[in-house]
Amino acid sequence: MQHIHHLLGEYRDDELPARQRAQVEAHLRCCPLCREKLEHLDRLADVLAEYGPPVQLTRPDVFRSQVVLRLSRRQQRRSGYASWAWHLIPLSLIGVLLCLEALLVLPDLLELAANVVRWMGGDLGALLNLPSSGYALLRYLAEPRLYPVLRAAWQMLVGIVLLLVFIPYVGWISVLGGFRKPPGYGKER
Amino acid sequence: MYRKTEGVVSESTARSDNELIEESLHGDTRAFAILVLRYHRVVITVAYRICGDGALAEDVAQDTFIRVWDRLSSFRPEGNFRGWICRIAANLTVDALRRRKPTAELLDTAVEAAVEGPEATALRNERAAAVRAALMRLPLHSRTALVLQEYEGLSYQEIADTLDIPLGTVKSRLSDARRRLQAALNPYLER
């Protein structure tokens with residue numbers, strides 16, 4: 001007779017399919033060894049059931065208060081972060097606007113300034129009281145062929161700064177929105 | 001063993017878990033506090049049976065309820081709340097044990113605690129200490145699977161989902177755990 005010790009655990013845990021369960025029960029009716037094994041498992045379960053936590057744990061009402069206190073402290077901390085973080089929103093908006101302005105308006109202003117430098121020539125150096133090396137540098141930067149390169153580099157730099165400001169700003173707004181609401185608030189279940 | 005708490009707030013028995021969960025989802029910490037009271041013992045017991053340390057079990061139990069609060073919106077009303085909270089407790093206990101260095105004195109403390117009291121109580125305490133020692137000698141995942149099945153009645157599939165292991169691995173770990181426990185606790189299993 002083939003024994004079914006390997007199935008006794010699943011049988012006892014009610015995890016066998018109905019057909020297999022019926023086969024096990026039929027076998028148990030005529031196999032004392034397997035019945036003994038099953039009883040051994042039952043006795044093991046009885047012994048295990050006696051094992052539990054010690055008596056000297058925190059009282060349930062005190063434990064409950066500790067949990068609620070932790071939750072309220074955590075909510076206060078988040079509200080604290082949220083309150084000062086909200087104040088940064090106008091600053092972030094200003095930063096975004098300044099970047100947009102630098103990106104779109106400033107290059108045109110610089111081009112205008114370069115045209116003025118080329119048009120006024122040496123008179124500008126005298127007007128600004130620049131040393132000859134300073135005026136030479138100014139004339140060099142105002143060169144028409146150099147100016148598109150400088151413009152492109154400037155716009156790329158401003159674009160990168162804008163991304164570094166804008167993306168964290170949007171992310172921050174989303175996170176702050178999460179801080180403000182209790183878990184699952186407004187969600188339909 | 002664990003003393004059942006008398007005089008729990010009467011309103012805790014009036015409302016169902018789903019009602020309390022719904023109120024908690026709207027930020028009502030009083031409703032959540034009732035859930036904490038209701039499942040405090042269950043959670044600590046699961047944690048204790050896995051880690052064998054009362055202080056650690058209490059810390060994990062607190063963390064469990066904080067995690068439950070955070071993830072309450074993910075609990076489905078038709079599900080088993082007790083099973084769900086036990087799974088969270090088991091995972092947090094396993095994580096806590098992994099972060100912690102293993103110490104041998106836990107077993108020694110348990111054995112010493114057994115040697116006191118009247119004869120019947122001493123015998124019972126000795127058996128409990130032996131069970132604890134045998135459980136703590138099990139590999140952590142086998143012990144966790146056993147606690148979830150034997151004490152909390154979770155199905156094999158639920159255990160597999162909790163521990164993120166295949167169903168076959170759950171079966172083999174349970175079988176291995178029971179075999180080891182039978183060998184270690186054989187004197188207490190004789191009729």
# chains A, B, ... in the order shown; residues from 1 in each chain; ligands from 1

call {"tool": "residues_around", "arguments": {"residues": "Leu41 in chain A", "least_positions_apart": "5", "cutoff": "9 Å", "atoms": "only C-alpha atoms", "output": "list of chain:residue names"}}
result
A:Leu8, A:Gly9, A:Arg12, A:Glu36, A:Asp46, B:Arg178, B:Gln182

call {"tool": "residues_around", "arguments": {"residues": "Gln157 in chain B", "least_positions_apart": "6", "cutoff": "12 Å", "atoms": "only C-alpha atoms", "output": "ChimeraX atom specification"}}
result
/A:15 /B:145,148-149,163-171

call {"tool": "write_last_selection", "arguments": {"atoms": "N, CA and C atoms", "output": "PDB file, in the first residue's frame"}}
result
ATOM      1  N   GLU A  15      -6.569  22.195   1.593  1.00  0.00           N
ATOM      2  CA  GLU A  15      -6.054  22.786   0.357  1.00  0.00           C
ATOM      3  C   GLU A  15      -6.099  21.808  -0.817  1.00  0.00           C
TER       4      GLU A  15
ATOM      5  N   ALA B 145       5.554  31.434   6.998  1.00  0.00           N
ATOM      6  CA  ALA B 145       4.492  30.692   6.312  1.00  0.00           C
ATOM      7  C   ALA B 145       3.691  29.872   7.308  1.00  0.00           C
ATOM      8  N   LEU B 148       1.389  32.140   9.466  1.00  0.00           N
ATOM      9  CA  LEU B 148       0.235  32.636   8.708  1.00  0.00           C
ATOM     10  C   LEU B 148      -0.796  31.531   8.461  1.00  0.00           C
ATOM     11  N   GLN B 149      -0.324  30.301   8.270  1.00  0.00           N
ATOM     12  CA  GLN B 149      -1.266  29.214   7.995  1.00  0.00           C
ATOM     13  C   GLN B 149      -1.834  28.648   9.277  1.00  0.00           C
ATOM     14  N   LEU B 163       4.137  36.538   0.702  1.00  0.00           N
ATOM     15  CA  LEU B 163       5.592  36.390   0.718  1.00  0.00           C
ATOM     16  C   LEU B 163       6.207  36.496  -0.672  1.00  0.00           C
ATOM     17  N   ASP B 164       5.323  36.633  -1.662  1.00  0.00           N
ATOM     18  CA  ASP B 164       5.774  36.766  -3.059  1.00  0.00           C
ATOM     19  C   ASP B 164       6.618  35.563  -3.478  1.00  0.00           C
ATOM     20  N   ILE B 165       6.069  34.388  -3.243  1.00  0.00           N
ATOM     21  CA  ILE B 165       6.738  33.140  -3.617  1.00  0.00           C
ATOM     22  C   ILE B 165       5.724  32.250  -4.326  1.00  0.00           C
ATOM     23  N   PRO B 166       6.191  31.259  -5.094  1.00  0.00           N
ATOM     24  CA  PRO B 166       5.254  30.357  -5.774  1.00  0.00           C
ATOM     25  C   PRO B 166       4.490  29.487  -4.784  1.00  0.00           C
ATOM     26  N   LEU B 167       3.351  28.984  -5.252  1.00  0.00           N
ATOM     27  CA  LEU B 167       2.495  28.144  -4.407  1.00  0.00           C
ATOM     28  C   LEU B 167       3.235  26.878  -3.971  1.00  0.00           C
ATOM     29  N   GLY B 168       3.999  26.296  -4.886  1.00  0.00           N
ATOM     30  CA  GLY B 168       4.748  25.087  -4.559  1.00  0.00           C
ATOM     31  C   GLY B 168       5.756  25.321  -3.439  1.00  0.00           C
ATOM     32  N   THR B 169       6.341  26.516  -3.436  1.00  0.00           N
ATOM     33  CA  THR B 169       7.312  26.850  -2.383  1.00  0.00           C
ATOM     34  C   THR B 169       6.613  26.958  -1.029  1.00  0.00           C
ATOM     35  N   VAL B 170       5.399  27.487  -1.027  1.00  0.00           N
ATOM     36  CA  VAL B 170       4.631  27.554   0.230  1.00  0.00           C
ATOM     37  C   VAL B 170       4.425  26.151   0.774  1.00  0.00           C
ATOM     38  N   LYS B 171       4.006  25.249  -0.092  1.00  0.00           N
ATOM     39  CA  LYS B 171       3.756  23.869   0.349  1.00  0.00           C
ATOM     40  C   LYS B 171       5.022  23.231   0.901  1.00  0.00           C
TER      41      LYS B 171
END

call {"tool": "atom_distance", "arguments": {"atom1": "CA of Ala90 in chain B", "atom2": "CA of Leu35 in chain B"}}
result
18.0 Å

call {"tool": "residues_around", "arguments": {"residues": "Glu190 in chain B", "least_positions_apart": "6", "cutoff": "10 Å", "atoms": "only C-alpha atoms", "output": "list in words"}}
result
His40, Arg43 and Leu44 of chain A

call {"tool": "atom_distance", "arguments": {"atom1": "CA of Arg70 in chain A", "atom2": "CA of Cys86 in chain B"}}
result
20.4 Å

call {"tool": "closest_residue", "arguments": {"among": "B:Ile88, B:Leu135, B:Ala33, B:Leu154", "to": "chain A", "atoms": "only C-alpha atoms"}}
result
B:Ala33

call {"tool": "residues_around", "arguments": {"residues": "Ala31 in chain B", "least_positions_apart": "2", "cutoff": "10 Å", "atoms": "only C-alpha atoms", "output": "list in words"}}
result
Glu11, Ser12, Arg15, Asp17, Glu19, Leu20, Ile21, Glu22, Glu23, Ser24, Leu25, His26, Gly27, Asp28, Thr29, Ala33, Ile34, Leu35 and Val36 of chain B

call {"tool": "atom_distance", "arguments": {"atom1": "CA of Leu103 in chain A", "atom2": "CA of Gln155 in chain A"}}
result
5.5 Å

call {"tool": "residues_around", "arguments": {"residues": "Thr45 in chain B", "least_positions_apart": "5", "cutoff": "8 Å", "atoms": "only C-alpha atoms", "output": "CSV table (one decimal) with all heavy atoms, in the first residue's frame"}}
result
chain,number,residue,atom,x,y,z
A,52,GLY,N,2.0,32.0,22.5
A,52,GLY,CA,1.5,33.3,22.2
A,52,GLY,C,2.3,34.4,22.9
A,52,GLY,O,3.3,34.0,23.5
A,53,PRO,N,2.0,35.6,22.7
A,53,PRO,CA,2.8,36.7,23.3
A,53,PRO,C,2.7,36.7,24.8
A,53,PRO,O,1.7,36.2,25.4
A,53,PRO,CB,2.2,37.9,22.7
A,53,PRO,CG,0.8,37.6,22.3
A,53,PRO,CD,0.8,36.1,22.0
B,57,ALA,N,7.8,42.9,18.7
B,57,ALA,CA,6.4,42.7,18.2
B,57,ALA,C,5.6,43.9,18.4
B,57,ALA,O,4.8,44.2,17.5
B,57,ALA,CB,5.8,41.5,19.0

call {"tool": "closest_residue", "arguments": {"among": "B:Ser155, B:Tyr39, B:Val147, B:Phe81", "to": "Leu16 in chain A", "atoms": "only C-alpha atoms"}}
result
B:Ser155

call {"tool": "closest_residue", "arguments": {"among": "A:Gln20, A:Leu97, A:Leu91, A:Leu71", "to": "Arg67 in chain B", "atoms": "only C-alpha atoms"}}
result
A:Leu71

call {"tool": "select_by_dssp", "arguments": {"residues": "range 15-189 of chain B", "states": "alpha helix (DSSP H)", "output": "PyMOL selection string"}}
result
chain B and resi 17-25+29-51+54-71+81-99+105-114+119-137+140-146+156-163+167-184+186-189

call {"tool": "write_last_selection", "arguments": {"atoms": "C-alpha atoms", "output": "short mmCIF file (atom, residue, chain, number, x, y, z; two decimals), in the first residue's frame"}}
result
data_model
loop_
_atom_site.label_atom_id
_atom_site.label_comp_id
_atom_site.auth_asym_id
_atom_site.auth_seq_id
_atom_site.Cartn_x
_atom_site.Cartn_y
_atom_site.Cartn_z
CA ASP B 17 -14.99 46.65 9.87
CA ASN B 18 -16.17 48.08 6.56
CA GLU B 19 -18.03 50.90 8.27
CA LEU B 20 -14.98 51.79 10.33
CA ILE B 21 -12.75 51.58 7.28
CA GLU B 22 -15.05 53.89 5.35
CA GLU B 23 -14.96 56.46 8.14
CA SER B 24 -11.20 56.12 8.47
CA LEU B 25 -10.82 56.81 4.78
CA THR B 29 -8.93 58.72 13.46
CA ARG B 30 -11.49 57.75 16.11
CA ALA B 31 -12.92 55.13 13.80
CA PHE B 32 -9.41 53.94 13.03
CA ALA B 33 -8.66 53.78 16.76
CA ILE B 34 -11.52 51.31 17.14
CA LEU B 35 -9.95 49.15 14.43
CA VAL B 36 -6.64 49.35 16.27
CA LEU B 37 -8.29 48.16 19.48
CA ARG B 38 -10.12 45.42 17.65
CA TYR B 39 -7.05 43.98 15.93
CA HIS B 40 -4.31 44.96 18.34
CA ARG B 41 -4.06 41.47 19.81
CA VAL B 42 -4.14 39.74 16.45
CA VAL B 43 -1.33 41.84 15.03
CA ILE B 44 0.93 41.57 18.07
CA THR B 45 0.37 37.84 18.20
CA VAL B 46 1.34 37.35 14.57
CA ALA B 47 4.42 39.52 14.99
CA TYR B 48 5.41 37.80 18.22
CA ARG B 49 5.04 34.32 16.82
CA ILE B 50 7.34 35.21 13.97
CA CYS B 51 9.98 37.18 15.86
CA GLY B 54 7.65 41.06 22.78
CA ALA B 55 9.21 44.52 22.42
CA LEU B 56 9.91 44.06 18.73
CA ALA B 57 6.43 42.66 18.22
CA GLU B 58 4.91 45.80 19.72
CA ASP B 59 7.06 48.07 17.55
CA VAL B 60 6.10 46.11 14.48
CA ALA B 61 2.45 46.20 15.53
CA GLN B 62 2.55 50.00 15.68
CA ASP B 63 4.24 50.15 12.28
CA THR B 64 1.60 47.78 10.96
CA PHE B 65 -1.27 50.06 11.91
CA ILE B 66 0.54 53.07 10.48
CA ARG B 67 1.00 51.14 7.23
CA VAL B 68 -2.65 50.06 7.33
CA TRP B 69 -3.70 53.71 7.69
CA ASP B 70 -1.56 54.65 4.69
CA ARG B 71 -2.87 51.83 2.51
CA PHE B 81 -9.55 42.60 6.70
CA ARG B 82 -8.04 40.35 9.35
CA GLY B 83 -6.10 38.39 6.74
CA TRP B 84 -4.98 41.58 5.05
CA ILE B 85 -3.70 43.15 8.25
CA CYS B 86 -1.95 39.91 9.23
CA ARG B 87 -0.14 39.86 5.93
CA ILE B 88 1.10 43.39 6.46
CA ALA B 89 2.22 42.47 9.99
CA ALA B 90 4.05 39.38 8.74
CA ASN B 91 5.92 41.30 6.05
CA LEU B 92 6.91 44.08 8.44
CA THR B 93 8.08 41.53 10.99
CA VAL B 94 10.23 39.80 8.40
CA ASP B 95 11.67 43.17 7.34
CA ALA B 96 12.38 44.08 10.96
CA LEU B 97 14.13 40.79 11.59
CA ARG B 98 16.27 41.20 8.47
CA ARG B 99 17.41 44.62 9.66
CA GLU B 105 19.87 35.48 24.27
CA LEU B 106 16.24 35.53 23.17
CA LEU B 107 16.13 31.74 23.42
CA ASP B 108 17.91 31.72 26.78
CA THR B 109 15.46 34.21 28.20
CA ALA B 110 12.57 32.06 27.08
CA VAL B 111 13.99 28.96 28.74
CA GLU B 112 14.70 30.77 31.99
CA ALA B 113 11.19 32.17 32.08
CA ALA B 114 9.79 28.66 31.96
CA GLU B 119 4.08 22.44 38.61
CA ALA B 120 1.28 22.48 36.02
CA THR B 121 2.02 26.06 35.06
CA ALA B 122 5.74 25.32 34.94
CA LEU B 123 5.13 22.38 32.66
CA ARG B 124 2.96 24.53 30.41
CA ASN B 125 5.53 27.30 30.40
CA GLU B 126 8.24 24.81 29.62
CA ARG B 127 6.25 23.54 26.66
CA ALA B 128 5.60 27.09 25.45
CA ALA B 129 9.31 27.88 25.76
CA ALA B 130 10.18 24.75 23.83
CA VAL B 131 7.69 25.69 21.11
CA ARG B 132 9.16 29.17 20.96
CA ALA B 133 12.71 27.83 20.72
CA ALA B 134 11.71 25.36 18.01
CA LEU B 135 9.90 28.07 16.05
CA MET B 136 12.83 30.47 16.30
CA ARG B 137 15.15 27.79 14.93
CA LEU B 140 12.47 32.83 8.74
CA HIS B 141 10.33 32.23 5.68
CA SER B 142 9.27 28.78 6.78
CA ARG B 143 8.35 30.21 10.16
CA THR B 144 6.39 33.07 8.59
CA ALA B 145 4.49 30.69 6.31
CA LEU B 146 3.69 28.43 9.23
CA TYR B 156 -1.70 28.75 0.61
CA GLN B 157 -2.41 31.21 -2.18
CA GLU B 158 -2.72 34.09 0.28
CA ILE B 159 0.59 33.12 1.85
CA ALA B 160 2.19 32.90 -1.59
CA ASP B 161 0.93 36.40 -2.42
CA THR B 162 2.08 37.77 0.92
CA LEU B 163 5.59 36.39 0.72
CA LEU B 167 2.49 28.14 -4.41
CA GLY B 168 4.75 25.09 -4.56
CA THR B 169 7.31 26.85 -2.38
CA VAL B 170 4.63 27.55 0.23
CA LYS B 171 3.76 23.87 0.35
CA SER B 172 7.36 22.77 0.65
CA ARG B 173 8.14 25.35 3.34
CA LEU B 174 5.11 24.35 5.40
CA SER B 175 5.99 20.70 5.04
CA ASP B 176 9.58 21.41 6.05
CA ALA B 177 8.50 23.52 9.02
CA ARG B 178 6.15 20.87 10.33
CA ARG B 179 8.74 18.14 9.91
CA ARG B 180 11.32 20.13 11.88
CA LEU B 181 8.83 21.05 14.58
CA GLN B 182 7.70 17.46 14.97
CA ALA B 183 11.30 16.40 15.44
CA ALA B 184 12.04 19.20 17.92
CA ASN B 186 8.44 15.07 19.81
CA PRO B 187 8.40 14.63 23.61
CA TYR B 188 5.43 16.99 23.86
CA LEU B 189 3.53 15.26 21.08
#

call {"tool": "residues_around", "arguments": {"residues": "Cys99 in chain A", "least_positions_apart": "5", "cutoff": "12 Å", "atoms": "only C-alpha atoms", "output": "list in words"}}
result
Ser92, Leu93, Ile94, Leu104, Val105, Leu106, Trp154, Gln155, Met156, Leu157, Val158, Gly159, Ile160, Val161, Leu162, Leu163, Leu164, Val165 and Phe166 of chain A
